[in-house]
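Source file: model.txt (compact mmCIF, C-alpha atoms)
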```txt
# COMPACT_ATOMS: atom_id res chain seq x y z
CA MET A 1 -2.31 -7.65 11.64
CA ILE A 2 -3.92 -4.38 12.74
CA ASN A 3 -7.02 -5.22 14.73
CA THR A 4 -7.90 -2.24 16.91
CA TRP A 5 -9.47 1.17 16.23
CA TRP A 6 -6.68 2.72 18.30
CA GLU A 7 -4.03 1.39 15.93
CA LEU A 8 -5.92 2.57 12.83
CA GLY A 9 -6.45 6.01 14.35
CA THR A 10 -2.79 6.34 15.33
CA LEU A 11 -1.62 5.36 11.86
CA ALA A 12 -4.12 7.77 10.25
CA PHE A 13 -2.74 10.58 12.45
CA VAL A 14 0.85 9.77 11.46
CA ALA A 15 -0.23 9.58 7.81
CA GLY A 16 -1.79 13.04 8.14
CA VAL A 17 1.45 14.48 9.52
CA ILE A 18 3.57 12.94 6.77
CA ASP A 19 1.15 13.86 4.01
CA ALA A 20 1.00 17.50 5.13
CA VAL A 21 4.79 17.81 5.25
CA MET A 22 5.74 16.05 2.03
CA GLY A 23 2.89 13.93 0.66
CA GLY A 24 2.70 10.15 0.62
CA GLY A 25 0.43 9.51 3.61
CA GLY A 26 -1.31 6.79 1.62
CA MET A 27 1.84 4.68 2.04
CA ILE A 28 0.79 4.29 5.66
CA GLN A 29 -2.99 4.26 5.47
CA VAL A 30 -3.47 1.85 2.57
CA PRO A 31 -1.31 -0.97 4.03
CA ALA A 32 -2.96 -0.37 7.43
CA LEU A 33 -6.40 -0.82 5.89
CA PHE A 34 -5.34 -3.94 3.98
CA SER A 35 -3.96 -5.37 7.23
CA ALA A 36 -7.09 -4.54 9.23
CA PHE A 37 -9.56 -5.72 6.58
CA PRO A 38 -7.82 -8.40 4.48
CA THR A 39 -11.07 -9.66 2.95
CA LEU A 40 -12.23 -6.30 1.56
CA SER A 41 -11.84 -5.56 -2.15
CA PRO A 42 -9.04 -3.16 -3.15
CA ALA A 43 -11.63 -0.67 -4.44
CA VAL A 44 -13.25 -0.42 -0.98
CA ILE A 45 -9.81 -0.01 0.61
CA PHE A 46 -8.88 2.78 -1.81
CA GLY A 47 -12.25 4.48 -1.41
CA THR A 48 -12.02 4.42 2.39
CA ASN A 49 -8.44 5.70 2.29
CA LYS A 50 -9.35 8.54 -0.10
CA LEU A 51 -12.17 9.78 2.10
CA ALA A 52 -10.01 9.63 5.23
CA SER A 53 -7.01 11.34 3.67
CA ALA A 54 -9.13 14.11 2.14
CA ALA A 55 -9.85 15.48 5.63
CA GLY A 56 -6.17 15.96 6.40
CA THR A 57 -5.57 17.45 2.97
CA VAL A 58 -8.30 20.05 3.52
CA GLY A 59 -6.79 21.17 6.81
CA ALA A 60 -3.24 21.32 5.47
CA ALA A 61 -4.35 23.18 2.33
CA VAL A 62 -6.03 25.86 4.44
CA GLN A 63 -2.91 26.31 6.59
CA TYR A 64 -0.62 26.61 3.58
CA ALA A 65 -2.96 28.93 1.70
CA ARG A 66 -3.11 31.28 4.69
CA ALA A 67 0.67 31.36 5.05
CA ARG A 68 1.49 31.52 1.31
CA PRO A 69 -1.62 32.64 -0.63
CA PRO A 70 -1.53 30.89 -4.02
CA ALA A 71 -2.21 32.44 -7.42
CA TRP A 72 -5.86 31.45 -7.78
CA LYS A 73 -5.83 32.02 -11.55
CA THR A 74 -3.42 29.10 -11.67
CA VAL A 75 -4.93 27.03 -8.87
CA VAL A 76 -8.54 26.96 -10.11
CA PRO A 77 -7.79 25.31 -13.49
CA VAL A 78 -5.32 23.01 -11.72
CA ALA A 79 -8.00 21.84 -9.30
CA LEU A 80 -10.55 21.34 -12.09
CA ALA A 81 -8.09 19.32 -14.19
CA ALA A 82 -7.05 17.18 -11.21
CA PHE A 83 -10.69 16.52 -10.25
CA LEU A 84 -11.82 15.42 -13.71
CA ALA A 85 -8.71 13.34 -14.41
CA SER A 86 -8.90 11.59 -11.04
CA ALA A 87 -12.56 10.69 -11.56
CA LEU A 88 -11.57 9.17 -14.90
CA GLY A 89 -8.70 7.30 -13.24
CA ALA A 90 -10.97 5.87 -10.53
CA TRP A 91 -13.42 4.72 -13.19
CA LEU A 92 -10.58 3.10 -15.14
CA LEU A 93 -9.56 1.24 -11.97
CA THR A 94 -12.81 -0.69 -12.25
CA ARG A 95 -12.12 -1.56 -15.89
CA VAL A 96 -8.41 -2.27 -16.43
CA PRO A 97 -5.58 -3.83 -14.37
CA ALA A 98 -3.19 -1.57 -12.46
CA GLU A 99 -0.30 -4.06 -12.60
CA PRO A 100 1.68 -2.43 -15.47
CA LEU A 101 1.72 0.86 -13.59
CA ARG A 102 2.80 -0.90 -10.40
CA LEU A 103 5.77 -2.40 -12.27
CA ALA A 104 6.83 0.93 -13.81
CA LEU A 105 6.43 3.09 -10.69
CA PRO A 106 9.80 2.32 -8.99
CA PHE A 107 11.71 3.41 -12.10
CA VAL A 108 9.68 6.61 -12.50
CA LEU A 109 10.43 7.47 -8.88
CA LEU A 110 14.11 6.66 -9.30
CA ALA A 111 14.31 9.10 -12.21
CA LEU A 112 12.54 11.74 -10.12
CA LEU A 113 15.03 11.25 -7.28
CA ALA A 114 18.04 11.55 -9.57
CA TYR A 115 16.61 14.64 -11.25
CA THR A 116 15.96 16.33 -7.90
CA LEU A 117 19.37 15.48 -6.45
CA LEU A 118 21.17 16.99 -9.43
CA SER A 119 19.88 20.50 -8.76
CA PRO A 120 18.92 22.70 -5.80
CA SER A 121 15.35 23.16 -7.07
CA GLY A 122 12.76 24.13 -4.50
CA LEU A 123 14.94 26.45 -2.44
CA ASP A 124 14.23 29.61 -4.45
CA HIS A 125 10.86 30.79 -5.75
CA ALA A 126 11.34 31.73 -9.42
CA PRO A 127 8.20 31.01 -11.50
CA ARG A 128 9.15 30.18 -15.10
CA PHE A 129 5.94 31.15 -16.92
CA PRO A 130 3.72 34.24 -17.17
CA PRO A 131 0.37 33.82 -15.34
CA GLY A 132 -1.73 32.83 -18.37
CA ARG A 133 0.68 30.21 -19.61
CA GLU A 134 1.45 29.05 -16.07
CA ALA A 135 -2.20 28.09 -15.58
CA GLY A 136 -2.20 25.95 -18.73
CA VAL A 137 1.09 24.20 -17.96
CA ALA A 138 0.06 23.60 -14.35
CA ALA A 139 -3.35 22.21 -15.37
CA ALA A 140 -1.74 19.80 -17.85
CA GLY A 141 0.55 18.40 -15.16
CA ALA A 142 -2.29 18.23 -12.64
CA ALA A 143 -4.37 16.23 -15.11
CA ALA A 144 -1.58 13.67 -15.53
CA VAL A 145 -1.03 13.31 -11.78
CA GLY A 146 -4.79 13.33 -11.11
CA LEU A 147 -5.31 10.44 -13.52
CA TYR A 148 -2.59 8.52 -11.70
CA ASP A 149 -4.07 9.43 -8.31
CA GLY A 150 -7.52 8.12 -9.17
CA PHE A 151 -6.21 4.97 -10.80
CA PHE A 152 -3.39 4.00 -8.43
CA GLY A 153 -2.42 6.77 -6.01
CA PRO A 154 0.71 6.15 -3.88
CA GLY A 155 2.88 9.28 -3.74
CA ALA A 156 0.49 11.48 -5.73
CA GLY A 157 1.05 14.38 -3.33
CA ALA A 158 4.79 14.14 -3.94
CA PHE A 159 4.24 14.14 -7.71
CA TYR A 160 2.11 17.29 -7.51
CA LYS A 161 4.78 19.04 -5.44
CA ALA A 162 7.56 17.85 -7.75
CA TYR A 163 5.71 19.21 -10.78
CA PHE A 164 5.27 22.65 -9.26
CA VAL A 165 8.91 22.75 -8.18
CA ARG A 166 10.63 21.20 -11.17
CA VAL A 167 8.46 22.42 -14.05
CA LEU A 168 6.93 25.66 -12.79
CA GLY A 169 9.90 26.89 -10.75
CA PHE A 170 8.16 27.22 -7.36
CA ASP A 171 9.97 26.77 -4.08
CA PHE A 172 8.71 24.09 -1.70
CA LEU A 173 6.74 26.45 0.54
CA ASN A 174 5.00 28.23 -2.35
CA SER A 175 4.26 24.88 -3.99
CA ALA A 176 2.61 23.54 -0.83
CA ALA A 177 -0.79 25.23 -1.16
CA PRO A 178 -1.39 24.60 -4.89
CA ALA A 179 -0.09 21.03 -4.58
CA LYS A 180 -2.40 20.35 -1.63
CA ILE A 181 -5.38 21.92 -3.39
CA ALA A 182 -4.66 19.81 -6.47
CA ASN A 183 -4.36 16.73 -4.27
CA LEU A 184 -7.65 17.59 -2.57
CA ALA A 185 -9.35 17.99 -5.95
CA SER A 186 -8.06 14.65 -7.20
CA ASN A 187 -9.15 13.02 -3.93
CA ALA A 188 -12.61 14.50 -4.46
CA GLY A 189 -12.82 13.21 -8.03
CA ALA A 190 -11.93 9.67 -6.97
CA ILE A 191 -14.19 9.86 -3.91
CA LEU A 192 -17.14 10.80 -6.09
CA VAL A 193 -16.69 7.65 -8.15
CA PHE A 194 -16.14 5.47 -5.07
CA LEU A 195 -19.27 6.92 -3.41
CA VAL A 196 -21.43 6.33 -6.47
CA THR A 197 -20.21 2.73 -6.67
CA GLY A 198 -20.56 2.17 -2.89
CA MET A 199 -16.86 1.59 -2.31
CA VAL A 200 -16.45 3.32 1.08
CA LEU A 201 -16.46 1.72 4.54
CA TRP A 202 -18.09 4.68 6.28
CA PRO A 203 -17.47 4.07 10.03
CA VAL A 204 -13.78 3.41 9.40
CA ALA A 205 -13.39 6.27 6.92
CA LEU A 206 -14.95 8.86 9.26
CA GLY A 207 -12.90 7.79 12.30
CA MET A 208 -9.67 7.83 10.31
CA ALA A 209 -10.64 11.17 8.73
CA LEU A 210 -10.69 12.86 12.14
CA ALA A 211 -7.27 11.46 13.05
CA ASN A 212 -5.86 12.36 9.62
CA PHE A 213 -7.17 15.93 9.91
CA LEU A 214 -5.44 16.40 13.28
CA GLY A 215 -2.22 14.99 11.83
CA GLY A 216 -2.47 17.33 8.87
CA GLN A 217 -2.74 20.33 11.19
CA LEU A 218 0.45 19.33 13.00
CA GLY A 219 2.34 18.47 9.81
CA SER A 220 1.55 21.75 8.06
CA ARG A 221 2.72 23.73 11.08
CA ILE A 222 5.99 21.78 11.18
CA ALA A 223 6.58 22.45 7.48
CA LEU A 224 5.83 26.18 7.75
CA ARG A 225 8.11 26.54 10.73
CA TYR A 226 11.18 24.79 9.30
CA GLY A 227 11.00 26.06 5.71
CA ASN A 228 12.34 25.08 2.29
CA ARG A 229 15.52 23.22 3.20
CA PHE A 230 13.64 21.00 5.62
CA LEU A 231 10.94 20.36 3.01
CA ARG A 232 13.51 19.50 0.34
CA ARG A 233 15.16 16.94 2.64
CA ALA A 234 11.78 15.54 3.63
CA PHE A 235 10.77 15.28 -0.03
CA LEU A 236 13.95 13.41 -0.96
CA ALA A 237 13.48 11.07 2.00
CA LEU A 238 9.92 10.39 0.91
CA VAL A 239 10.93 9.57 -2.66
CA ILE A 240 13.60 7.14 -1.41
CA VAL A 241 11.03 5.37 0.79
CA LEU A 242 8.55 5.30 -2.09
CA ILE A 243 11.17 3.73 -4.38
CA ALA A 244 11.93 1.00 -1.84
CA ARG A 245 8.31 0.27 -1.09
CA SER A 246 7.07 0.35 -4.68
CA PHE A 247 9.94 -1.91 -5.79
CA ARG A 248 9.12 -4.37 -3.01
CA ASP A 249 5.40 -4.35 -3.83
CA ALA A 250 6.04 -4.77 -7.57
CA TYR A 251 8.85 -7.35 -7.63
CA LEU A 252 9.29 -9.00 -4.22
CA ARG A 253 5.76 -10.07 -3.38
```

With the file now loaded, output its structure as structure tokens.
Amino acid sequence: MINTWWELGTLAFVAGVIDAVMGGGGMIQVPALFSAFPTLSPAVIFGTNKLASAAGTVGAAVQYARARPPAWKTVVPVALAAFLASALGAWLLTRVPAEPLRLALPFVLLALLAYTLLSPSGLDHAPRFPPGREAGVAAAGAAAVGLYDGFFGPGAGAFYKAYFVRVLGFDFLNSAAPAKIANLASNAGAILVFLVTGMVLWPVALGMALANFLGGQLGSRIALRYGNRFLRRAFLALVIVLIARSFRDAYLR
């Protein structure tokens, strides 16, 4: 069991690094929070995690946007779609069970892994749609991932990045800023619902937010330095870990 602020802060920092590089920091923070506060409701755990992880996402998004300025005509509708869909997903979390999604997630991730392994996507930047259509296609995907992020969440950052790479034809570096901005928007949508319903443990969330922000700064710098091939390998590694963990959580509990 995690029972010290030092342990929570360290894990939040590591989560920030991982999330900035490839997404999936919630895989570390959410179990850490459940371990530290086993009597809290899942909604409070998810609300606290969302607020903490949003800090790291902000920092990483700024770093990526400076290095690879995104097409804002695409990013703005993406962020709006992710925000609204995530708020809906967080509201649904209070109304319907998440168990069916938990059971399906390992197989969705396995299909994503196979699809990514079968092609070198993400190494070359070759957008597939003209700007106007790109915004619509990107917003549709962001809405789907945002709904998932608000309702359930693990690996949402990886799904955003996969959508930009696989569907829109971005490379990993050019997908980083729009994926992070979309992730930030969906975090904000869920956070709004969790704040309104009082589902945030503030002292813990703020302390972890600082550690997550510092981790995000380091992770984004690592990603920018080592480039697309490193990010592709990191992404594949993340998906494999997500498959193992989601399968264990769904079927081996």

Contacts between stretch 229-246 of chain A and stretch 15-122 of chain A, please, where a residue of stretch 15-122 of chain A counts if it comes within 6 Å (with only C-alpha atoms); show its shortest atom pair and distance in Å to one decimal, rows by chain and ascending number, as a tab-separated table.
```
residue	atom	partner	partner_atom	distance
A:Met22	CA	A:Phe235	CA	5.5
A:Pro106	CA	A:Ile243	CA	5.0
A:Leu109	CA	A:Ile243	CA	5.9
```

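Residue nearest A:Tyr160 within the list A:Ser53, A:Ser220, A:Thr197, A:Ser175: A:Ser175 [criterion: smallest interatomic distance, all atoms listed in the file].
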
Worksheet item: Counting all atoms listed in the file, what is within 12 Å of A:Met199, bar same-chain residues fewer than 3 positions away, as number ranges by chain?
Response: A: 40-51, 90-91, 94, 190-196, 202, 205

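Distances here use all atoms listed in the file; by that measure, the residue among A:Gly157, A:Pro100, A:Gly132, A:Gly141 closest to A:Ala177 is A:Gly157.
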
Worksheet item: In Å, with one decimal, what is the gap from atom CA of A:Ala81 to atom CA of A:Gly150?
Response: 12.3 Å

Practice prompt. Counting only C-alpha atoms, figure out which residue out of A:Ala52, A:Ala85, A:Val167, A:Ala250 gets nearest to A:Met208.
Written response: A:Ala52

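Around the coordinate (-9.3, 0.2, 11.8), residues that reach within 7 Å when counting only C-alpha atoms are Asn3, Thr4, Trp5, Glu7, Leu8, Gly9, Leu33, Ala36 and Val204 of chain A.
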
Can you build me a table of stretch 4-48 of chain A residues sitting at most 12 Å from stretch 182-186 of chain A, with the closest atom pair per residue and its distance in Å to one decimal, using only C-alpha atoms, sorted by chain and residue number, as a tab-separated table?
```
residue	atom	partner	partner_atom	distance
A:Asp19	CA	A:Asn183	CA	10.4
A:Ala20	CA	A:Asn183	CA	10.8
A:Met22	CA	A:Asn183	CA	11.9
A:Gly23	CA	A:Asn183	CA	9.2
A:Gly24	CA	A:Asn183	CA	10.8
A:Gly25	CA	A:Asn183	CA	11.7
A:Gly26	CA	A:Asn183	CA	11.9
```

Discussion item. Nearest residue to A:Pro69 out of A:Met27, A:Ile181, A:Val200, A:Leu84, using all atoms listed in the file?
Written reply: A:Ile181

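The nearest approach to A:Phe37 among the residues A:Leu201, A:Ala176, A:Leu206, A:Ala223, with all atoms listed in the file taken into account, belongs to A:Leu201.
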
Would you pick out the contacts of A:Gly16 at 6 Å or less, using all atoms listed in the file, so that residues sharing its chain but fewer than 2 positions from it are not included, and give the list as a compact mmCIF listing (two decimals) with C-alpha atoms, in the frame of the given file?
```
# COMPACT_ATOMS: atom_id res chain seq x y z
CA PHE A 13 -2.74 10.58 12.45
CA VAL A 14 0.85 9.77 11.46
CA ILE A 18 3.57 12.94 6.77
CA ASP A 19 1.15 13.86 4.01
CA GLY A 56 -6.17 15.96 6.40
CA ASN A 212 -5.86 12.36 9.62
CA GLY A 215 -2.22 14.99 11.83
CA GLY A 216 -2.47 17.33 8.87
```

Worksheet item: Residues at most 7 Å from A:Ile28, counting only C-alpha atoms, excluding those fewer than 4 positions away in the same chain, as number ranges by chain?
Response: A: 11, 15, 32

Worksheet item: Expressed in Å to a single decimal, how great is the separation between atom CA of A:Pro77 and atom CA of A:Ala139?
Response: 5.7 Å

Item to complete: Extract, using only C-alpha atoms, all DNA, RNA and protein residues at most 9 Å from A:Ala179, discarding same-chain residues fewer than 5 positions from it, and format them as a ChimeraX atom specification.
Response: /A:61,75,142,157-164,184

Once you have the residues from the selection above, write them out as an mmCIF file, in the frame of the given file, restricted to C-alpha atoms.
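Generated output (selection24.cif):
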```
data_model
loop_
_atom_site.group_PDB
_atom_site.id
_atom_site.type_symbol
_atom_site.label_atom_id
_atom_site.label_comp_id
_atom_site.auth_asym_id
_atom_site.auth_seq_id
_atom_site.Cartn_x
_atom_site.Cartn_y
_atom_site.Cartn_z
ATOM 1 C CA ALA A 61 -4.350 23.180 2.330
ATOM 2 C CA VAL A 75 -4.930 27.030 -8.870
ATOM 3 C CA ALA A 142 -2.290 18.230 -12.640
ATOM 4 C CA GLY A 157 1.050 14.380 -3.330
ATOM 5 C CA ALA A 158 4.790 14.140 -3.940
ATOM 6 C CA PHE A 159 4.240 14.140 -7.710
ATOM 7 C CA TYR A 160 2.110 17.290 -7.510
ATOM 8 C CA LYS A 161 4.780 19.040 -5.440
ATOM 9 C CA ALA A 162 7.560 17.850 -7.750
ATOM 10 C CA TYR A 163 5.710 19.210 -10.780
ATOM 11 C CA PHE A 164 5.270 22.650 -9.260
ATOM 12 C CA LEU A 184 -7.650 17.590 -2.570
#
```
